[in-house]
Amino acid sequence: MASGIEVFTPVSHTLFDPAEIISKNGGRPPLTYQSFIAIAGEPPEPVLEEYSELPPVGDTGEYELLPVPTVEELGYGDISQEEIPPFRGGETEALRRMKESLQDKEWVVKFEKPKGDPSAFLKPATTVLSPYLKFGCLSSRYFYHCIQDVYRSVRNYTKPPVSLTGQLLWRDFFYTVSFGTPNFDQMKGNKICKQIPWSENEELFVAWRDGRTGYPWIDAIMIQLRKWGWMHHLARHSVACFLTRGDLFIHWEKGRDVFERLLIDSDWAINNGNWLWLSCSSFFCQYHRIYSPVTFGKKYDPNGNYIRHFIPVLKDMPREYIYEPWTAPLSIQKKAKCIIGKDYPKPVVDHETASKECRKRMGEAYALNRLDSNSSKGKPSNLSRRKMSHGDQDASNSSIAKLLKTSRSE
DNA sequence: ACGTCGTTGTACAA
DNA sequence: TTGTACAACGACGT
């Protein structure tokens, strides 16, 4: 540490080599975490290198060295009045943050990803090391082995996929599948992606993007995204489910674009992979499991402190109405200085009816996908494939019930 | 052909 | 706090 500069990061951006895993699997990327783990095995040891000085800038060839672009040049307006996100960049900060997280050994060895609290924002429930991994400030292999060191010092610790090391393996899983899947970042031409007739509704999409859906839990998350560039993974799940298969039935690619732009940890493979997951387009298919935009947040944060912080107009709404302010009597709304429909929007959809409709549409889309894959299996020619163009009224209307019945037996 | 299982659902019961 | 119905998908292994 003395005068030398320790550089931990350049060792490797991933634990494994995606190409190697795909070739071990017969040229196809593993599509489940379990099969990925079985093929991958143990990650190699990290190589720590020490340099006495920063490496020189290499030959830039024909390229001109330009100054660092300004915030404005990167497409952002006046940010002087913005809430400052609580995260700082750089390798030093990454290592400090990692050490701080790993110091709490009990927390490390009991870590189970699905059990975190998405409403925790003063002290996030996860490490918030994803931005540092994304920018190469922290080596995945180094982090992995530091966690292993903690595991070695105790009797019991959680295991993948839910454990802390499990999260790094998920990262490699998405790198591997995305590497081996043509058109991974879109629905069309993507073999592992369910073809779903998402609806186009710019108004609903904009309401979601700008945190004006009328569901405080959803809107608070989208506002945290805009202000901090980070939110808890279960919060991401809530809003991703709401946009796609849960309520609005809008294309996951639209949500993906918003996340890609606003998240400080947005990573091409992981972001697309998770949108495929949450929209039930790939990896995950239990589309009847829908997050409630009302009760999901409530179970972690019944008082709505998270909502009150990110949506100040709702800060005086009584606890019993904070997740459903449109149900508050007008007298209460007046007292809280927040009239629904004026100071804060009414819900853009009714969750009960919208989610029911989404389930139905997902069922129909899945049936058509089954039919399509079955018929192309028997006769791989393009002629036998059912056309799903907009002109095909027959497939999109009356015959769906028939398709639902027959698709399994064909 | 069939059974098992899947990182992260909800509402209600006991 | 833990268990169950709900209604049910598809990758994978046998």
# chains A, B, ... in the order shown; residues from 1 in each chain; ligands from 1
>>> closest_atom_pairs(of="chain A", to="chain B", cutoff="10 Å", atoms="only C-alpha atoms (C1' of nucleotides)", output="CSV")
residue,atom,partner,partner_atom,distance
A:Thr32,CA,B:DG6,C1',9.2
A:Tyr33,CA,B:DG6,C1',9.6
A:Gln34,CA,B:DG6,C1',9.6
A:Glu112,CA,B:DT7,C1',8.1
A:Lys113,CA,B:DT7,C1',6.6
A:Pro114,CA,B:DT8,C1',4.0
A:Lys115,CA,B:DT8,C1',7.1
A:Gly116,CA,B:DT8,C1',8.8
A:Pro160,CA,B:DT7,C1',8.1
A:Pro161,CA,B:DT7,C1',5.4
A:Val162,CA,B:DT7,C1',4.9
A:Ser163,CA,B:DT7,C1',8.6
A:Gly166,CA,B:DT7,C1',8.6
A:Gln167,CA,B:DT7,C1',8.9
A:Trp170,CA,B:DT7,C1',9.4
A:His233,CA,B:DT8,C1',8.7
A:Leu234,CA,B:DT8,C1',6.8
A:His237,CA,B:DT8,C1',8.4
A:Phe283,CA,B:DG6,C1',9.6
A:Phe284,CA,B:DG6,C1',8.2
A:Cys285,CA,B:DG6,C1',9.7
A:Gln286,CA,B:DG6,C1',9.6
A:Tyr287,CA,B:DG9,C1',9.8
A:His288,CA,B:DG9,C1',8.0
A:Arg289,CA,B:DG9,C1',4.5
A:Ile290,CA,B:DG9,C1',5.5
A:Tyr291,CA,B:DG9,C1',5.8
A:Ser292,CA,B:DT10,C1',7.9
A:Thr295,CA,B:DT10,C1',8.8
A:Phe296,CA,B:DG9,C1',8.8
>>> write_last_selection(atoms="N, CA, C and O atoms", output="short mmCIF file (atom, residue, chain, number, x, y, z; two decimals), in the first residue's frame")
data_model
loop_
_atom_site.label_atom_id
_atom_site.label_comp_id
_atom_site.auth_asym_id
_atom_site.auth_seq_id
_atom_site.Cartn_x
_atom_site.Cartn_y
_atom_site.Cartn_z
N THR A 32 -30.64 -22.17 -17.71
CA THR A 32 -31.02 -22.09 -16.30
C THR A 32 -29.78 -21.88 -15.45
O THR A 32 -28.67 -22.28 -15.83
N TYR A 33 -30.01 -21.28 -14.32
CA TYR A 33 -28.92 -21.02 -13.38
C TYR A 33 -28.25 -22.33 -12.97
O TYR A 33 -27.03 -22.44 -12.94
N GLN A 34 -29.10 -23.32 -12.67
CA GLN A 34 -28.57 -24.61 -12.22
C GLN A 34 -27.62 -25.24 -13.24
O GLN A 34 -26.54 -25.70 -12.89
N GLU A 112 -29.49 -13.35 1.91
CA GLU A 112 -30.38 -14.05 0.98
C GLU A 112 -31.08 -13.00 0.15
O GLU A 112 -31.93 -12.28 0.64
N LYS A 113 -30.73 -12.94 -1.11
CA LYS A 113 -31.19 -11.85 -1.96
C LYS A 113 -32.69 -11.58 -1.92
O LYS A 113 -33.10 -10.44 -1.76
N PRO A 114 -33.53 -12.60 -2.05
CA PRO A 114 -34.97 -12.28 -2.11
C PRO A 114 -35.52 -11.71 -0.81
O PRO A 114 -36.65 -11.26 -0.78
N LYS A 115 -34.72 -11.72 0.27
CA LYS A 115 -35.25 -11.28 1.55
C LYS A 115 -34.93 -9.82 1.91
O LYS A 115 -35.29 -9.36 2.97
N GLY A 116 -34.27 -9.12 1.03
CA GLY A 116 -33.94 -7.73 1.32
C GLY A 116 -35.15 -6.82 1.37
O GLY A 116 -36.22 -7.17 0.88
N PRO A 160 -25.46 -20.24 -3.21
CA PRO A 160 -26.12 -19.79 -4.45
C PRO A 160 -27.43 -20.56 -4.66
O PRO A 160 -27.49 -21.72 -4.23
N PRO A 161 -28.41 -19.99 -5.27
CA PRO A 161 -28.40 -18.70 -5.97
C PRO A 161 -28.67 -17.48 -5.10
O PRO A 161 -28.51 -16.37 -5.57
N VAL A 162 -29.06 -17.71 -3.81
CA VAL A 162 -29.50 -16.56 -3.03
C VAL A 162 -28.36 -15.81 -2.33
O VAL A 162 -28.51 -14.67 -1.93
N SER A 163 -27.22 -16.48 -2.18
CA SER A 163 -26.12 -15.91 -1.39
C SER A 163 -25.45 -14.76 -2.13
O SER A 163 -25.73 -14.48 -3.30
N GLY A 166 -23.63 -16.01 -4.91
CA GLY A 166 -24.64 -16.36 -5.91
C GLY A 166 -24.97 -15.19 -6.82
O GLY A 166 -25.24 -15.38 -8.01
N GLN A 167 -24.93 -13.98 -6.28
CA GLN A 167 -25.23 -12.80 -7.09
C GLN A 167 -24.18 -12.57 -8.17
O GLN A 167 -24.50 -12.18 -9.29
N TRP A 170 -24.86 -15.02 -10.85
CA TRP A 170 -25.96 -14.55 -11.71
C TRP A 170 -25.44 -13.60 -12.78
O TRP A 170 -25.86 -13.63 -13.93
N HIS A 233 -33.27 -4.16 -5.83
CA HIS A 233 -33.68 -5.05 -6.92
C HIS A 233 -35.17 -5.40 -6.87
O HIS A 233 -35.81 -5.54 -7.90
N LEU A 234 -35.74 -5.54 -5.66
CA LEU A 234 -37.16 -5.86 -5.59
C LEU A 234 -38.02 -4.67 -6.00
O LEU A 234 -39.13 -4.82 -6.52
N HIS A 237 -38.08 -4.93 -9.61
CA HIS A 237 -39.06 -5.95 -9.98
C HIS A 237 -40.47 -5.39 -9.99
O HIS A 237 -41.24 -5.64 -10.90
N PHE A 283 -36.52 -17.22 -19.28
CA PHE A 283 -36.01 -17.65 -17.95
C PHE A 283 -37.11 -17.93 -16.94
O PHE A 283 -37.08 -18.92 -16.23
N PHE A 284 -38.07 -17.04 -16.85
CA PHE A 284 -39.13 -17.13 -15.85
C PHE A 284 -40.46 -17.13 -16.58
O PHE A 284 -40.65 -16.37 -17.53
N CYS A 285 -41.38 -17.99 -16.15
CA CYS A 285 -42.62 -18.11 -16.93
C CYS A 285 -43.89 -18.15 -16.08
O CYS A 285 -44.97 -18.39 -16.59
N GLN A 286 -43.77 -17.91 -14.77
CA GLN A 286 -44.98 -17.98 -13.95
C GLN A 286 -45.67 -16.62 -13.90
O GLN A 286 -45.63 -15.89 -12.92
N TYR A 287 -46.33 -16.36 -15.01
CA TYR A 287 -46.85 -15.00 -15.23
C TYR A 287 -48.05 -14.66 -14.35
O TYR A 287 -48.48 -13.52 -14.31
N HIS A 288 -48.58 -15.66 -13.64
CA HIS A 288 -49.69 -15.34 -12.73
C HIS A 288 -49.18 -14.78 -11.40
O HIS A 288 -49.96 -14.29 -10.61
N ARG A 289 -47.88 -14.88 -11.18
CA ARG A 289 -47.30 -14.26 -9.97
C ARG A 289 -47.02 -12.79 -10.26
O ARG A 289 -46.04 -12.44 -10.90
N ILE A 290 -47.90 -11.96 -9.79
CA ILE A 290 -47.81 -10.53 -10.10
C ILE A 290 -47.62 -9.74 -8.81
O ILE A 290 -48.32 -9.98 -7.82
N TYR A 291 -46.67 -8.83 -8.84
CA TYR A 291 -46.45 -7.97 -7.67
C TYR A 291 -47.60 -6.97 -7.55
O TYR A 291 -47.98 -6.35 -8.53
N SER A 292 -48.12 -6.83 -6.36
CA SER A 292 -49.15 -5.82 -6.14
C SER A 292 -48.50 -4.45 -5.94
O SER A 292 -47.60 -4.31 -5.12
N THR A 295 -49.80 -3.69 -2.02
CA THR A 295 -49.45 -4.45 -0.81
C THR A 295 -47.98 -4.86 -0.74
O THR A 295 -47.47 -5.10 0.35
N PHE A 296 -47.31 -4.95 -1.88
CA PHE A 296 -45.92 -5.43 -1.84
C PHE A 296 -45.03 -4.49 -1.01
O PHE A 296 -44.30 -4.95 -0.13
#
>>> select_by_dssp(residues="stretch 51-251 of chain A", states="helix (DSSP H, G or I)", output="VMD selection string")
chain A and resid 91 to 103 105 to 110 113 to 115 130 to 134 140 to 152 164 to 179 202 to 209 216 to 228 233 to 246
>>> residues_around(residues="stretch 75-81 of chain A", least_positions_apart="2", cutoff="12 Å", atoms="only C-alpha atoms (C1' of nucleotides)", output="PyMOL selection string")
chain A and resi 69-73+83-85+226-227+261-262
>>> closest_atom_pairs(of="chain C", to="chain A", cutoff="12 Å", atoms="only C-alpha atoms (C1' of nucleotides)", output="Markdown table")
| residue | atom | partner | partner_atom | distance |
| --- | --- | --- | --- | --- |
| C:DC6 | C1' | A:His288 | CA | 9.5 |
| C:DA7 | C1' | A:His288 | CA | 7.7 |
| C:DA8 | C1' | A:Gln286 | CA | 7.4 |
| C:DC9 | C1' | A:Cys285 | CA | 5.2 |
| C:DG10 | C1' | A:Cys285 | CA | 7.2 |
| C:DA11 | C1' | A:Thr32 | CA | 7.4 |
| C:DC12 | C1' | A:Ser35 | CA | 8.8 |
| C:DG13 | C1' | A:Ser35 | CA | 11.4 |
>>> write_last_selection(atoms="N, CA, C and O atoms (P, O5', C5', C4', C3', O3' and C1' of nucleotides)", output="PDB file, in the first residue's frame")
ATOM      1  P    DC C   6     -58.241 -24.024  -4.727  1.00  0.00           P
ATOM      2  O5'  DC C   6     -57.613 -22.849  -5.580  1.00  0.00           O
ATOM      3  C5'  DC C   6     -57.932 -21.490  -5.269  1.00  0.00           C
ATOM      4  C4'  DC C   6     -56.991 -20.570  -5.980  1.00  0.00           C
ATOM      5  C3'  DC C   6     -56.734 -20.950  -7.458  1.00  0.00           C
ATOM      6  O3'  DC C   6     -57.576 -20.170  -8.283  1.00  0.00           O
ATOM      7  C1'  DC C   6     -54.793 -20.091  -6.332  1.00  0.00           C
ATOM      8  P    DA C   7     -58.288 -20.829  -9.509  1.00  0.00           P
ATOM      9  O5'  DA C   7     -57.158 -20.822 -10.616  1.00  0.00           O
ATOM     10  C5'  DA C   7     -56.517 -19.611 -10.989  1.00  0.00           C
ATOM     11  C4'  DA C   7     -55.318 -19.986 -11.834  1.00  0.00           C
ATOM     12  C3'  DA C   7     -55.650 -21.083 -12.842  1.00  0.00           C
ATOM     13  O3'  DA C   7     -55.133 -20.706 -14.102  1.00  0.00           O
ATOM     14  C1'  DA C   7     -53.817 -21.730 -11.511  1.00  0.00           C
ATOM     15  P    DA C   8     -55.256 -21.691 -15.310  1.00  0.00           P
ATOM     16  O5'  DA C   8     -53.739 -22.121 -15.554  1.00  0.00           O
ATOM     17  C5'  DA C   8     -52.710 -21.150 -15.404  1.00  0.00           C
ATOM     18  C4'  DA C   8     -51.413 -21.878 -15.215  1.00  0.00           C
ATOM     19  C3'  DA C   8     -51.319 -23.138 -16.058  1.00  0.00           C
ATOM     20  O3'  DA C   8     -50.859 -22.737 -17.339  1.00  0.00           O
ATOM     21  C1'  DA C   8     -50.194 -23.299 -13.937  1.00  0.00           C
ATOM     22  P    DC C   9     -50.232 -23.602 -18.445  1.00  0.00           P
ATOM     23  O5'  DC C   9     -48.738 -23.097 -18.589  1.00  0.00           O
ATOM     24  C5'  DC C   9     -48.468 -21.712 -18.785  1.00  0.00           C
ATOM     25  C4'  DC C   9     -46.989 -21.539 -18.641  1.00  0.00           C
ATOM     26  C3'  DC C   9     -46.218 -22.549 -19.470  1.00  0.00           C
ATOM     27  O3'  DC C   9     -45.499 -21.850 -20.472  1.00  0.00           O
ATOM     28  C1'  DC C   9     -45.406 -22.474 -17.210  1.00  0.00           C
ATOM     29  P    DG C  10     -45.007 -22.685 -21.727  1.00  0.00           P
ATOM     30  O5'  DG C  10     -43.570 -23.148 -21.236  1.00  0.00           O
ATOM     31  C5'  DG C  10     -42.549 -22.175 -21.051  1.00  0.00           C
ATOM     32  C4'  DG C  10     -41.316 -22.867 -20.523  1.00  0.00           C
ATOM     33  C3'  DG C  10     -40.837 -24.040 -21.369  1.00  0.00           C
ATOM     34  O3'  DG C  10     -39.445 -24.128 -21.185  1.00  0.00           O
ATOM     35  C1'  DG C  10     -41.314 -24.829 -19.276  1.00  0.00           C
ATOM     36  P    DA C  11     -38.440 -24.076 -22.390  1.00  0.00           P
ATOM     37  O5'  DA C  11     -37.057 -24.438 -21.678  1.00  0.00           O
ATOM     38  C5'  DA C  11     -36.568 -23.614 -20.624  1.00  0.00           C
ATOM     39  C4'  DA C  11     -35.776 -24.459 -19.652  1.00  0.00           C
ATOM     40  C3'  DA C  11     -34.897 -25.516 -20.320  1.00  0.00           C
ATOM     41  O3'  DA C  11     -33.626 -25.478 -19.688  1.00  0.00           O
ATOM     42  C1'  DA C  11     -36.372 -26.542 -18.765  1.00  0.00           C
ATOM     43  P    DC C  12     -32.456 -26.361 -20.262  1.00  0.00           P
ATOM     44  O5'  DC C  12     -32.535 -27.654 -19.337  1.00  0.00           O
ATOM     45  C5'  DC C  12     -32.554 -27.492 -17.913  1.00  0.00           C
ATOM     46  C4'  DC C  12     -32.913 -28.813 -17.277  1.00  0.00           C
ATOM     47  C3'  DC C  12     -32.213 -30.025 -17.912  1.00  0.00           C
ATOM     48  O3'  DC C  12     -31.358 -30.602 -16.943  1.00  0.00           O
ATOM     49  C1'  DC C  12     -34.498 -30.454 -17.429  1.00  0.00           C
ATOM     50  P    DG C  13     -30.348 -31.759 -17.301  1.00  0.00           P
ATOM     51  O5'  DG C  13     -30.921 -33.001 -16.492  1.00  0.00           O
ATOM     52  C5'  DG C  13     -31.357 -32.842 -15.142  1.00  0.00           C
ATOM     53  C4'  DG C  13     -32.151 -34.059 -14.708  1.00  0.00           C
ATOM     54  C3'  DG C  13     -31.574 -35.379 -15.202  1.00  0.00           C
ATOM     55  O3'  DG C  13     -31.502 -36.307 -14.118  1.00  0.00           O
ATOM     56  C1'  DG C  13     -33.842 -35.183 -15.867  1.00  0.00           C
TER      57       DG C  13
END
>>> residues_around(residues="stretch 243-259 of chain A", least_positions_apart="4", cutoff="6 Å", atoms="only C-alpha atoms (C1' of nucleotides)", output="list in words")
Trp198, Ser199, Leu263, Trp275, Ser279, Ile290, Ala354, Ser355 and Cys358 of chain A
